[in-house]
$ cat model27.csv   # CSV, C-alpha atoms
chain,number,residue,atom,x,y,z
M,1,MET,CA,86.5,90.7,216.0
M,2,THR,CA,86.4,93.8,218.1
M,3,GLU,CA,84.8,96.7,216.4
M,4,ARG,CA,86.6,100.0,216.7
M,5,PRO,CA,84.5,102.8,218.2
M,6,SER,CA,83.6,105.6,215.9
M,7,ALA,CA,84.9,109.1,216.3
M,8,PHE,CA,81.4,110.0,217.7
M,9,ALA,CA,81.0,107.1,220.1
M,10,VAL,CA,80.3,108.2,223.7
M,11,ASP,CA,80.5,105.9,226.8
M,12,ARG,CA,78.0,106.2,229.7
M,13,ARG,CA,80.1,108.6,231.7
M,14,GLY,CA,80.9,110.6,228.6
M,15,PHE,CA,77.2,110.8,227.8
M,16,ILE,CA,76.4,112.0,231.3
M,17,ARG,CA,79.1,114.7,231.0
M,18,LEU,CA,77.7,115.7,227.6
M,19,ALA,CA,74.1,115.9,228.9
M,20,SER,CA,75.2,117.9,231.9
M,21,ALA,CA,77.2,120.3,229.7
M,22,THR,CA,74.2,120.6,227.3
M,23,ALA,CA,71.9,121.4,230.2
M,24,ALA,CA,74.3,124.0,231.6
M,25,GLY,CA,74.6,125.5,228.1
M,26,TRP,CA,70.8,125.8,227.9
M,27,LEU,CA,70.6,127.6,231.2
M,28,ALA,CA,73.5,129.9,230.3
M,29,LEU,CA,71.8,130.8,227.1
M,30,GLY,CA,68.4,131.2,228.7
M,31,ALA,CA,67.2,128.3,226.5
M,32,THR,CA,65.3,125.1,227.1
M,33,PRO,CA,64.8,122.0,225.0
M,34,ASP,CA,61.5,123.6,224.1
M,35,ARG,CA,63.3,126.7,222.8
M,36,MET,CA,65.0,125.4,219.7
M,37,ARG,CA,66.9,128.2,218.0
M,38,ILE,CA,66.6,128.5,214.3
M,39,VAL,CA,69.7,129.4,212.2
M,40,ALA,CA,68.7,130.1,208.6
M,41,SER,CA,71.1,130.1,205.7
M,42,LEU,CA,70.6,131.4,202.2
M,43,THR,CA,73.1,130.5,199.4
M,44,ALA,CA,73.3,131.1,195.7
M,45,LEU,CA,75.0,127.7,195.2
M,46,PRO,CA,72.9,124.6,194.4
M,47,LEU,CA,72.4,122.4,197.5
M,48,ASP,CA,74.3,119.5,195.9
M,49,ASP,CA,77.4,121.7,195.4
M,50,GLU,CA,80.4,120.4,197.4
M,51,LEU,CA,80.5,123.7,199.2
M,52,THR,CA,77.0,123.3,200.6
M,53,ARG,CA,76.2,119.6,200.5
M,54,ARG,CA,75.0,118.3,203.9
M,55,SER,CA,76.7,114.9,203.2
M,56,MET,CA,80.0,116.8,203.4
M,57,ILE,CA,79.1,118.7,206.6
M,58,ASP,CA,82.4,118.0,208.3
M,59,SER,CA,84.5,118.5,205.2
M,60,PRO,CA,87.0,121.4,205.4
M,61,THR,CA,86.0,122.6,201.9
M,62,SER,CA,82.3,122.9,202.9
M,63,ARG,CA,81.1,126.3,204.0
M,64,LEU,CA,78.2,124.6,205.7
M,65,GLY,CA,80.6,122.2,207.4
M,66,GLY,CA,82.7,125.1,208.7
M,67,LEU,CA,79.6,126.8,210.2
M,68,ILE,CA,78.3,123.6,211.9
M,69,VAL,CA,81.7,122.7,213.4
M,70,GLY,CA,82.2,126.3,214.5
M,71,LEU,CA,78.9,126.4,216.3
M,72,ARG,CA,79.5,123.0,217.8
M,73,GLN,CA,82.7,124.3,219.4
M,74,ARG,CA,80.7,127.1,220.9
M,75,GLY,CA,78.1,124.9,222.5
M,76,TRP,CA,75.5,124.8,219.7
M,77,VAL,CA,74.6,121.2,218.6
M,78,GLU,CA,72.3,120.8,215.7
M,79,GLY,CA,69.2,118.9,216.7
M,80,VAL,CA,69.8,119.6,220.4
M,81,ASN,CA,69.6,123.4,220.9
M,82,PHE,CA,69.4,124.7,217.3
M,83,ARG,CA,68.0,123.8,214.0
M,84,LEU,CA,69.6,124.7,210.7
M,85,GLU,CA,67.3,125.7,207.8
M,86,LEU,CA,69.1,125.9,204.5
M,87,ARG,CA,67.7,127.3,201.3
M,88,SER,CA,69.2,127.9,197.8
M,89,SER,CA,68.4,130.8,195.4
M,90,PHE,CA,70.1,128.9,192.6
M,91,GLY,CA,68.1,129.0,189.3
M,92,SER,CA,66.3,132.3,188.9
M,93,PRO,CA,65.3,135.6,190.5
M,94,ASP,CA,62.0,134.1,191.4
M,95,LYS,CA,63.8,131.3,193.3
M,96,LEU,CA,65.5,133.9,195.3
M,97,LYS,CA,62.2,135.6,196.3
M,98,THR,CA,60.7,132.2,197.2
M,99,ALA,CA,63.7,131.2,199.3
M,100,VAL,CA,63.7,134.5,201.2
M,101,GLN,CA,60.0,134.2,201.9
M,102,GLU,CA,60.3,130.6,203.1
M,103,LEU,CA,63.0,131.5,205.6
M,104,LEU,CA,61.1,134.6,206.9
M,105,GLU,CA,58.1,132.4,207.6
M,106,LEU,CA,60.2,130.2,209.9
M,107,LYS,CA,60.9,133.3,212.1
M,108,PRO,CA,64.6,132.4,212.5
M,109,ASP,CA,66.8,133.8,215.2
M,110,VAL,CA,69.5,134.8,212.6
M,111,ILE,CA,69.9,134.5,208.8
M,112,LEU,CA,73.3,133.8,207.3
M,113,THR,CA,73.7,134.9,203.7
M,114,GLY,CA,76.3,133.7,201.2
M,115,SER,CA,76.9,136.8,199.1
M,116,THR,CA,76.0,140.4,198.3
M,117,ILE,CA,72.9,139.4,196.1
M,118,GLU,CA,71.3,137.3,198.9
M,119,THR,CA,72.1,139.9,201.5
M,120,ALA,CA,70.4,142.6,199.5
M,121,ALA,CA,67.3,140.4,199.0
M,122,VAL,CA,67.0,139.5,202.7
M,123,LEU,CA,67.6,143.0,204.0
M,124,ALA,CA,64.9,144.3,201.6
M,125,ALA,CA,62.5,141.9,203.2
M,126,THR,CA,63.3,142.4,206.9
M,127,LYS,CA,64.7,145.1,209.1
M,128,THR,CA,64.3,143.2,212.4
M,129,ILE,CA,65.7,139.6,212.0
M,130,PRO,CA,69.5,139.7,212.5
M,131,ILE,CA,71.5,139.0,209.3
M,132,VAL,CA,75.1,137.9,209.0
M,133,PHE,CA,76.7,138.0,205.5
M,134,ALA,CA,79.5,135.5,205.2
M,135,THR,CA,81.1,137.4,202.3
M,136,ALA,CA,80.2,140.8,200.8
M,137,ASN,CA,82.0,143.5,198.8
M,138,ASP,CA,81.5,147.1,199.7
M,139,PRO,CA,78.8,146.7,202.3
M,140,VAL,CA,78.8,150.5,203.0
M,141,GLY,CA,78.4,151.3,199.3
M,142,ASN,CA,75.6,148.8,198.9
M,143,GLY,CA,73.7,150.4,201.8
M,144,PHE,CA,73.9,147.3,204.1
M,145,VAL,CA,75.6,149.1,207.0
M,146,GLU,CA,76.2,152.7,208.1
M,147,SER,CA,79.9,152.0,208.6
M,148,LEU,CA,82.2,149.0,209.0
M,149,ALA,CA,83.0,149.9,212.6
M,150,HIS,CA,79.4,150.6,213.6
M,151,PRO,CA,77.0,148.8,211.2
M,152,GLY,CA,73.7,149.8,213.0
M,153,GLY,CA,70.5,148.2,211.9
M,154,ASN,CA,70.1,144.4,211.8
M,155,VAL,CA,73.0,143.3,209.6
M,156,THR,CA,76.8,142.7,209.9
M,157,GLY,CA,79.3,140.3,208.6
M,158,PHE,CA,82.5,139.8,206.7
M,159,THR,CA,84.0,141.5,203.6
M,160,SER,CA,85.9,139.5,201.0
M,161,SER,CA,87.8,141.6,198.4
M,162,THR,CA,88.5,145.3,198.1
M,163,ALA,CA,88.2,147.2,194.8
M,164,GLU,CA,92.0,147.4,194.6
M,165,MET,CA,92.1,143.7,194.1
M,166,GLY,CA,91.4,144.1,190.4
M,167,GLY,CA,94.8,145.8,189.8
M,168,LYS,CA,96.5,143.1,191.9
M,169,TRP,CA,95.1,140.3,189.8
M,170,LEU,CA,96.4,142.0,186.7
M,171,GLN,CA,99.8,142.4,188.2
M,172,LEU,CA,100.0,138.8,189.1
M,173,VAL,CA,98.8,137.4,185.8
M,174,ARG,CA,101.2,139.6,184.0
M,175,GLU,CA,104.0,138.2,186.1
M,176,ALA,CA,102.9,134.7,185.1
M,177,VAL,CA,102.4,135.6,181.4
M,178,PRO,CA,104.7,138.6,180.8
M,179,ASP,CA,103.9,138.9,177.0
M,180,ILE,CA,100.1,139.4,177.3
M,181,ALA,CA,98.8,142.3,175.2
M,182,ARG,CA,95.2,142.1,176.5
M,183,VAL,CA,93.2,140.8,179.4
M,184,GLY,CA,89.6,139.6,179.4
M,185,ILE,CA,87.5,140.2,182.4
M,186,LEU,CA,84.9,137.5,183.1
M,187,PHE,CA,81.8,138.3,185.1
M,188,ASN,CA,78.1,138.3,185.2
M,189,PRO,CA,76.7,141.8,185.4
M,190,ALA,CA,73.6,140.5,187.3
M,191,THR,CA,75.7,139.1,190.2
M,192,ALA,CA,79.1,140.8,190.2
M,193,PRO,CA,79.6,143.7,192.6
M,194,ARG,CA,78.3,146.9,190.9
M,195,ALA,CA,77.8,145.0,187.7
M,196,GLY,CA,81.6,144.4,187.5
M,197,ARG,CA,82.6,148.1,187.9
M,198,PHE,CA,83.7,147.5,191.5
M,199,PHE,CA,86.9,145.8,190.2
M,200,LEU,CA,87.1,147.1,186.7
M,201,ASP,CA,88.2,150.6,187.7
M,202,SER,CA,91.4,149.4,189.4
M,203,ILE,CA,92.0,146.9,186.6
M,204,GLU,CA,91.8,149.6,184.0
M,205,GLN,CA,94.1,151.9,186.0
M,206,GLU,CA,96.7,149.1,186.2
M,207,ALA,CA,96.3,148.3,182.5
M,208,ALA,CA,96.9,151.9,181.5
M,209,THR,CA,100.3,151.9,183.2
M,210,SER,CA,101.4,148.5,181.8
M,211,GLY,CA,100.2,148.9,178.2
M,212,VAL,CA,97.6,146.1,178.4
M,213,SER,CA,94.2,146.5,176.9
M,214,VAL,CA,91.1,145.5,178.9
M,215,ALA,CA,88.3,143.6,177.3
M,216,PRO,CA,85.2,143.0,179.5
M,217,ALA,CA,83.7,139.5,178.9
M,218,PRO,CA,80.2,139.6,180.5
M,219,VAL,CA,78.3,136.3,180.6
M,220,GLY,CA,74.7,135.9,181.6
M,221,ALA,CA,74.2,132.1,181.4
M,222,PRO,CA,76.4,129.0,181.7
M,223,THR,CA,76.0,128.4,177.9
M,224,GLU,CA,77.8,131.7,177.2
M,225,ILE,CA,81.0,130.8,179.1
M,226,ASP,CA,82.7,128.7,176.4
M,227,GLU,CA,82.3,131.4,173.7
M,228,ALA,CA,83.4,134.2,176.1
M,229,VAL,CA,86.6,132.4,176.9
M,230,SER,CA,87.3,131.3,173.4
M,231,ARG,CA,87.6,134.9,172.2
M,232,PHE,CA,90.9,135.2,174.2
M,233,SER,CA,92.6,132.1,172.6
M,234,GLU,CA,93.6,134.0,169.5
M,235,ALA,CA,96.4,136.6,168.9
M,236,PRO,CA,97.3,138.9,170.3
M,237,ARG,CA,98.3,137.0,173.5
M,238,ALA,CA,95.7,137.3,176.2
M,239,ALA,CA,95.0,136.2,179.7
M,240,MET,CA,91.8,136.4,181.8
M,241,ILE,CA,90.7,137.6,185.2
M,242,ALA,CA,87.6,136.0,186.8
M,243,LEU,CA,86.0,138.5,189.2
M,244,VAL,CA,84.4,137.9,192.6
M,245,ASP,CA,81.0,136.7,191.5
M,246,SER,CA,78.6,134.1,192.9
M,247,PHE,CA,77.6,133.1,189.3
M,248,LEU,CA,81.3,132.3,188.5
M,249,VAL,CA,81.6,130.3,191.7
M,250,VAL,CA,78.6,128.2,190.8
M,251,ASN,CA,79.9,127.6,187.3
M,252,ARG,CA,83.6,127.2,188.3
M,253,GLN,CA,84.0,123.8,186.7
M,254,ALA,CA,82.8,125.0,183.3
M,255,ILE,CA,85.0,128.1,183.5
M,256,VAL,CA,88.2,126.2,184.4
M,257,ALA,CA,87.4,123.6,181.7
M,258,ALA,CA,87.0,126.4,179.1
M,259,ALA,CA,90.2,128.0,180.1
M,260,ALA,CA,92.0,124.7,179.7
M,261,LYS,CA,90.3,123.9,176.4
M,262,TYR,CA,91.3,127.2,174.8
M,263,ARG,CA,94.6,127.4,176.7
M,264,VAL,CA,93.8,130.8,178.2
M,265,PRO,CA,95.8,131.6,181.4
M,266,THR,CA,93.3,132.7,184.0
M,267,ILE,CA,93.6,134.1,187.5
M,268,TYR,CA,90.7,133.4,189.9
M,269,PRO,CA,89.6,135.1,193.2
M,270,PHE,CA,89.2,132.1,195.4
M,271,HIS,CA,90.8,128.7,196.0
M,272,TYR,CA,87.5,127.0,194.9
M,273,PHE,CA,88.7,127.5,191.3
M,274,MET,CA,92.0,125.9,192.1
M,275,ASP,CA,90.2,122.9,193.5
M,276,ALA,CA,88.5,122.6,190.1
M,277,GLY,CA,91.9,122.7,188.3
M,278,GLY,CA,92.6,126.4,187.8
M,279,LEU,CA,96.0,127.9,187.1
M,280,MET,CA,96.3,130.5,189.9
M,281,SER,CA,94.2,132.3,192.4
M,282,TYR,CA,94.7,135.2,194.7
M,283,GLY,CA,92.2,136.2,197.4
M,284,PRO,CA,91.1,136.1,201.0
M,285,THR,CA,91.5,132.8,202.8
M,286,LEU,CA,87.8,132.8,203.6
M,287,GLU,CA,88.1,130.9,206.8
M,288,VAL,CA,84.7,130.4,208.1
M,289,ARG,CA,84.3,133.0,210.9
M,290,SER,CA,80.5,133.4,210.6
M,291,ALA,CA,80.0,131.0,213.5
M,292,ASP,CA,81.6,133.7,215.8
M,293,TYR,CA,78.8,136.2,215.0
M,294,VAL,CA,76.0,133.7,214.8
M,295,ASP,CA,76.9,132.5,218.3
M,296,LEU,CA,77.0,136.1,219.7
M,297,ILE,CA,73.7,136.9,218.1
M,298,LEU,CA,72.1,133.7,219.5
M,299,ARG,CA,73.3,134.8,222.9
M,300,GLY,CA,71.7,138.2,222.6
M,301,THR,CA,74.2,140.6,220.9
M,302,LYS,CA,72.6,142.9,218.4
M,303,ALA,CA,73.9,142.4,214.8
M,304,GLY,CA,74.3,146.2,214.4
M,305,ASP,CA,76.7,146.3,217.3
M,306,LEU,CA,79.2,143.9,215.8
M,307,PRO,CA,81.7,145.5,213.5
M,308,VAL,CA,82.1,144.3,209.9
M,309,GLN,CA,85.4,142.4,209.7
M,310,SER,CA,87.8,142.4,206.8
M,311,PRO,CA,89.9,139.3,205.7
M,312,ARG,CA,92.7,138.4,208.0
M,313,LYS,CA,94.9,137.1,205.2
M,314,TYR,CA,95.2,136.9,201.4
M,315,GLU,CA,96.7,133.9,199.7
M,316,LEU,CA,98.3,133.2,196.4
M,317,LEU,CA,98.0,129.7,195.0
M,318,ILE,CA,99.7,128.4,191.8
M,319,ASN,CA,99.3,125.1,190.0
M,320,ARG,CA,102.6,124.3,188.1
M,321,THR,CA,101.1,121.3,186.4
M,322,VAL,CA,98.4,123.5,184.8
M,323,ALA,CA,101.1,126.1,183.9
M,324,ARG,CA,103.1,123.4,182.1
M,325,THR,CA,100.0,122.3,180.1
M,326,LEU,CA,99.6,126.0,179.0
M,327,GLY,CA,103.3,126.2,178.0
M,328,LEU,CA,104.1,128.6,180.8
M,329,THR,CA,107.2,128.7,183.0
M,330,ILE,CA,106.2,130.5,186.2
M,331,PRO,CA,109.0,132.9,187.3
M,332,PHE,CA,110.8,131.8,190.5
M,333,THR,CA,110.1,135.3,191.9
M,334,LEU,CA,106.4,134.6,191.7
M,335,LEU,CA,106.6,131.0,193.0
M,336,ALA,CA,108.6,132.3,196.0
M,337,ARG,CA,105.7,134.5,197.0
M,338,ALA,CA,103.1,131.7,196.6
M,339,ASP,CA,101.4,130.4,199.8
M,340,GLU,CA,100.8,127.1,198.1
M,341,ILE,CA,102.2,125.5,195.0
M,342,ARG,CA,100.2,122.6,193.5
M,343,GLU,CA,101.5,120.0,191.2
$ encode --input "model27.csv" --output "structure tokens"
Amino acid sequence: MTERPSAFAVDRRGFIRLASATAAGWLALGATPDRMRIVASLTALPLDDELTRRSMIDSPTSRLGGLIVGLRQRGWVEGVNFRLELRSSFGSPDKLKTAVQELLELKPDVILTGSTIETAAVLAATKTIPIVFATANDPVGNGFVESLAHPGGNVTGFTSSTAEMGGKWLQLVREAVPDIARVGILFNPATAPRAGRFFLDSIEQEAATSGVSVAPAPVGAPTEIDEAVSRFSEAPRAAMIALVDSFLVVNRQAIVAAAAKYRVPTIYPFHYFMDAGGLMSYGPTLEVRSADYVDLILRGTKAGDLPVQSPRKYELLINRTVARTLGLTIPFTLLARADEIRE
């Protein structure tokens, strides 16, 4: 029985071509096998989360996988000319401090951060090592960069959602559930941008024009999620908005489960929540572009010379099966605008 070659099998001539290309790449980069570059990555997600698990490194849903594939396309092969060092801050503030210190001791060539909280922690610890934030809200307001066009300093990256997104989420969830009288805002003050106020202002402005009352639902621990959602299962009719928040991403399974349990229609900021069984989401596509900037920095470009980039596209996802379980009939006008309808 002839064994089919794997997708990564390389014949002798292919190996020679690969070795030659790798050698040429080292010379072009001014690197040698003795000069292994170190790419450090800090995330708020646990390392066994499907978005960060190394066993899913080539999965399209894995942030880490997207980075590795992107760097490979640009000539950087893990274990050949660069080494990836991944740390998680999941668990406690002390864990964040420890993770940052561990990465700094490695003297990495660049540090990739996963969200605003990690970026702030790393930037407070170093003003020399280049930093690329994969997602961040209001990097100017947070003091990360001087301006989006000219960051200056040692940090740059990619924004996710603007403050006006709050009002857009309310508009969309009201289209899906026209008879809501109130909306609950789910967030963790310790991890949401500006303790939630970054989005709350635009939500409250939109609510004032539509006659909907806004009820913040802050949560500080996973054990508080169920009770926070349950408060919106009773009359008058309510829906919820989950804000951009690393804590909510980490606990997305519990949040989606609570929304289903208490039959509370909820709109989410990222497709990660849809993958967990959410009703609808609206937010940036979050295609992994960090490999572009990591590559440029490894080749000598200063982080502060690279402009902060905004999302290229926003997408609306709707799950009609979930809608039916909630007793909702999504209007055709809303379905027609959806980028993806799940069943």
$ atom_distance --input "model27.csv" --atom1 "atom CA of M:Gly220" --atom2 "atom CA of M:Asn188"
5.5 Å
$ residues_near_point --input "model27.csv" --point "(91.7, 132.3, 178.7)" --cutoff "7 Å" --atoms "only C-alpha atoms" --output "VMD selection string"
chain M and resid 229 to 230 232 to 233 238 to 240 259 262 to 266
$ write_last_selection --input "model27.csv" --atoms "C-alpha atoms" --output "tab-separated table (two decimals), in the frame of the given file"
chain	number	residue	atom	x	y	z
M	229	VAL	CA	86.60	132.40	176.90
M	230	SER	CA	87.30	131.30	173.40
M	232	PHE	CA	90.90	135.20	174.20
M	233	SER	CA	92.60	132.10	172.60
M	238	ALA	CA	95.70	137.30	176.20
M	239	ALA	CA	95.00	136.20	179.70
M	240	MET	CA	91.80	136.40	181.80
M	259	ALA	CA	90.20	128.00	180.10
M	262	TYR	CA	91.30	127.20	174.80
M	263	ARG	CA	94.60	127.40	176.70
M	264	VAL	CA	93.80	130.80	178.20
M	265	PRO	CA	95.80	131.60	181.40
M	266	THR	CA	93.30	132.70	184.00
$ closest_atom_pairs --input "model27.csv" --of "stretch 176-279 of chain M" --to "stretch 117-129 of chain M" --cutoff "10 Å" --atoms "all atoms listed in the file" --output "Markdown table"
| residue | atom | partner | partner_atom | distance |
| --- | --- | --- | --- | --- |
| M:Ala190 | CA | M:Ile117 | CA | 8.9 |
| M:Thr191 | CA | M:Ile117 | CA | 6.5 |
| M:Ala192 | CA | M:Ile117 | CA | 8.7 |
| M:Pro193 | CA | M:Ile117 | CA | 8.7 |
| M:Asp245 | CA | M:Ile117 | CA | 9.7 |
| M:Ser246 | CA | M:Ile117 | CA | 8.4 |
$ residues_around --input "model27.csv" --residues "stretch 334-343 of chain M" --least-positions-apart "3" --cutoff "9 Å" --atoms "all atoms listed in the file" --output "number ranges by chain"
M: 172, 175-176, 274, 315-322, 330-331
$ atom_distance --input "model27.csv" --atom1 "atom CA of M:Gly70" --atom2 "atom CA of M:Asp292"
7.5 Å
$ atom_distance --input "model27.csv" --atom1 "atom CA of M:Glu164" --atom2 "atom CA of M:Arg231"
26.0 Å
$ residues_near_point --input "model27.csv" --point "(76.7, 129.6, 213.2)" --cutoff "10 Å" --atoms "only C-alpha atoms" --output "PyMOL selection string"
chain M and resi 39-41+64+66-72+74+76+82+84+110-112+132+288-298
$ closest_residue --input "model27.csv" --among "M:Arg174, M:Lys95, M:Arg299, M:Arg197" --to "M:Arg37" --atoms "all atoms listed in the file"
M:Arg299
$ closest_residue --input "model27.csv" --among "M:Val214, M:Ala303, M:Ala235, M:Ile185" --to "M:Asp109" --atoms "only C-alpha atoms"
M:Ala303
$ residues_around --input "model27.csv" --residues "stretch 143-149 of chain M" --least-positions-apart "2" --cutoff "8 Å" --atoms "all atoms listed in the file" --output "number ranges by chain"
M: 120, 123, 139-141, 151-153, 155-156, 306-309
$ residues_around --input "model27.csv" --residues "M:Ala228" --least-positions-apart "6" --cutoff "8 Å" --atoms "all atoms listed in the file" --output "list in words"
Leu186, Ala217, Pro218 and Val219 of chain M
$ write_last_selection --input "model27.csv" --atoms "C-alpha atoms" --output "CSV table (one decimal), in the coordinates of the input"
chain,number,residue,atom,x,y,z
M,186,LEU,CA,84.9,137.5,183.1
M,217,ALA,CA,83.7,139.5,178.9
M,218,PRO,CA,80.2,139.6,180.5
M,219,VAL,CA,78.3,136.3,180.6
$ closest_residue --input "model27.csv" --among "M:Arg35, M:Lys261, M:Arg324, M:Lys168" --to "M:Glu206" --atoms "all atoms listed in the file"
M:Lys168
$ closest_residue --input "model27.csv" --among "M:Pro130, M:Lys313, M:Ala257, M:Gln101" --to "M:Gly300" --atoms "all atoms listed in the file"
M:Pro130
$ build_atoms --input "model27.csv" --residues "stretch 184-207 of chain M" --atoms "N, CA and C atoms" --output "PDB file, in the coordinates of the input"
ATOM      1  N   GLY M 184      91.084 139.666 179.387  1.00  0.00           N
ATOM      2  CA  GLY M 184      89.600 139.600 179.400  1.00  0.00           C
ATOM      3  C   GLY M 184      89.115 139.504 180.819  1.00  0.00           C
ATOM      4  N   ILE M 185      88.029 140.196 181.088  1.00  0.00           N
ATOM      5  CA  ILE M 185      87.500 140.200 182.400  1.00  0.00           C
ATOM      6  C   ILE M 185      86.136 139.485 182.432  1.00  0.00           C
ATOM      7  N   LEU M 186      86.117 138.343 183.090  1.00  0.00           N
ATOM      8  CA  LEU M 186      84.900 137.500 183.100  1.00  0.00           C
ATOM      9  C   LEU M 186      84.064 137.768 184.302  1.00  0.00           C
ATOM     10  N   PHE M 187      82.787 138.034 184.054  1.00  0.00           N
ATOM     11  CA  PHE M 187      81.800 138.300 185.100  1.00  0.00           C
ATOM     12  C   PHE M 187      80.426 138.282 184.599  1.00  0.00           C
ATOM     13  N   ASN M 188      79.487 138.162 185.521  1.00  0.00           N
ATOM     14  CA  ASN M 188      78.100 138.300 185.200  1.00  0.00           C
ATOM     15  C   ASN M 188      77.557 139.584 185.742  1.00  0.00           C
ATOM     16  N   PRO M 189      77.114 140.498 184.888  1.00  0.00           N
ATOM     17  CA  PRO M 189      76.700 141.800 185.400  1.00  0.00           C
ATOM     18  C   PRO M 189      75.553 141.739 186.404  1.00  0.00           C
ATOM     19  N   ALA M 190      74.776 140.655 186.386  1.00  0.00           N
ATOM     20  CA  ALA M 190      73.600 140.500 187.300  1.00  0.00           C
ATOM     21  C   ALA M 190      74.084 140.148 188.720  1.00  0.00           C
ATOM     22  N   THR M 191      75.279 139.564 188.855  1.00  0.00           N
ATOM     23  CA  THR M 191      75.700 139.100 190.200  1.00  0.00           C
ATOM     24  C   THR M 191      77.044 139.595 190.641  1.00  0.00           C
ATOM     25  N   ALA M 192      77.839 140.199 189.756  1.00  0.00           N
ATOM     26  CA  ALA M 192      79.100 140.800 190.200  1.00  0.00           C
ATOM     27  C   ALA M 192      78.904 142.099 190.881  1.00  0.00           C
ATOM     28  N   PRO M 193      79.753 142.443 191.852  1.00  0.00           N
ATOM     29  CA  PRO M 193      79.600 143.700 192.600  1.00  0.00           C
ATOM     30  C   PRO M 193      79.563 144.906 191.615  1.00  0.00           C
ATOM     31  N   ARG M 194      78.540 145.738 191.754  1.00  0.00           N
ATOM     32  CA  ARG M 194      78.300 146.900 190.900  1.00  0.00           C
ATOM     33  C   ARG M 194      78.410 146.561 189.431  1.00  0.00           C
ATOM     34  N   ALA M 195      77.837 145.417 189.086  1.00  0.00           N
ATOM     35  CA  ALA M 195      77.800 145.000 187.700  1.00  0.00           C
ATOM     36  C   ALA M 195      79.205 144.854 187.089  1.00  0.00           C
ATOM     37  N   GLY M 196      80.203 144.599 187.948  1.00  0.00           N
ATOM     38  CA  GLY M 196      81.600 144.400 187.500  1.00  0.00           C
ATOM     39  C   GLY M 196      82.444 145.663 187.705  1.00  0.00           C
ATOM     40  N   ARG M 197      81.847 146.856 187.781  1.00  0.00           N
ATOM     41  CA  ARG M 197      82.600 148.100 187.900  1.00  0.00           C
ATOM     42  C   ARG M 197      83.414 148.175 189.187  1.00  0.00           C
ATOM     43  N   PHE M 198      82.993 147.468 190.216  1.00  0.00           N
ATOM     44  CA  PHE M 198      83.700 147.500 191.500  1.00  0.00           C
ATOM     45  C   PHE M 198      85.165 147.181 191.339  1.00  0.00           C
ATOM     46  N   PHE M 199      85.473 146.214 190.456  1.00  0.00           N
ATOM     47  CA  PHE M 199      86.900 145.800 190.200  1.00  0.00           C
ATOM     48  C   PHE M 199      87.440 146.381 188.934  1.00  0.00           C
ATOM     49  N   LEU M 200      86.592 146.673 187.977  1.00  0.00           N
ATOM     50  CA  LEU M 200      87.100 147.100 186.700  1.00  0.00           C
ATOM     51  C   LEU M 200      87.857 148.416 186.721  1.00  0.00           C
ATOM     52  N   ASP M 201      87.487 149.314 187.604  1.00  0.00           N
ATOM     53  CA  ASP M 201      88.200 150.600 187.700  1.00  0.00           C
ATOM     54  C   ASP M 201      89.681 150.391 187.988  1.00  0.00           C
ATOM     55  N   SER M 202      89.987 149.574 188.995  1.00  0.00           N
ATOM     56  CA  SER M 202      91.400 149.400 189.400  1.00  0.00           C
ATOM     57  C   SER M 202      92.128 148.540 188.319  1.00  0.00           C
ATOM     58  N   ILE M 203      91.409 147.631 187.642  1.00  0.00           N
ATOM     59  CA  ILE M 203      92.000 146.900 186.600  1.00  0.00           C
ATOM     60  C   ILE M 203      92.433 147.793 185.424  1.00  0.00           C
ATOM     61  N   GLU M 204      91.535 148.688 185.055  1.00  0.00           N
ATOM     62  CA  GLU M 204      91.800 149.600 184.000  1.00  0.00           C
ATOM     63  C   GLU M 204      92.940 150.578 184.303  1.00  0.00           C
ATOM     64  N   GLN M 205      93.008 150.995 185.563  1.00  0.00           N
ATOM     65  CA  GLN M 205      94.100 151.900 186.000  1.00  0.00           C
ATOM     66  C   GLN M 205      95.439 151.167 185.885  1.00  0.00           C
ATOM     67  N   GLU M 206      95.493 149.918 186.330  1.00  0.00           N
ATOM     68  CA  GLU M 206      96.700 149.100 186.200  1.00  0.00           C
ATOM     69  C   GLU M 206      97.087 148.864 184.780  1.00  0.00           C
ATOM     70  N   ALA M 207      96.089 148.562 183.961  1.00  0.00           N
ATOM     71  CA  ALA M 207      96.300 148.300 182.500  1.00  0.00           C
ATOM     72  C   ALA M 207      96.890 149.475 181.823  1.00  0.00           C
TER      73      ALA M 207
END
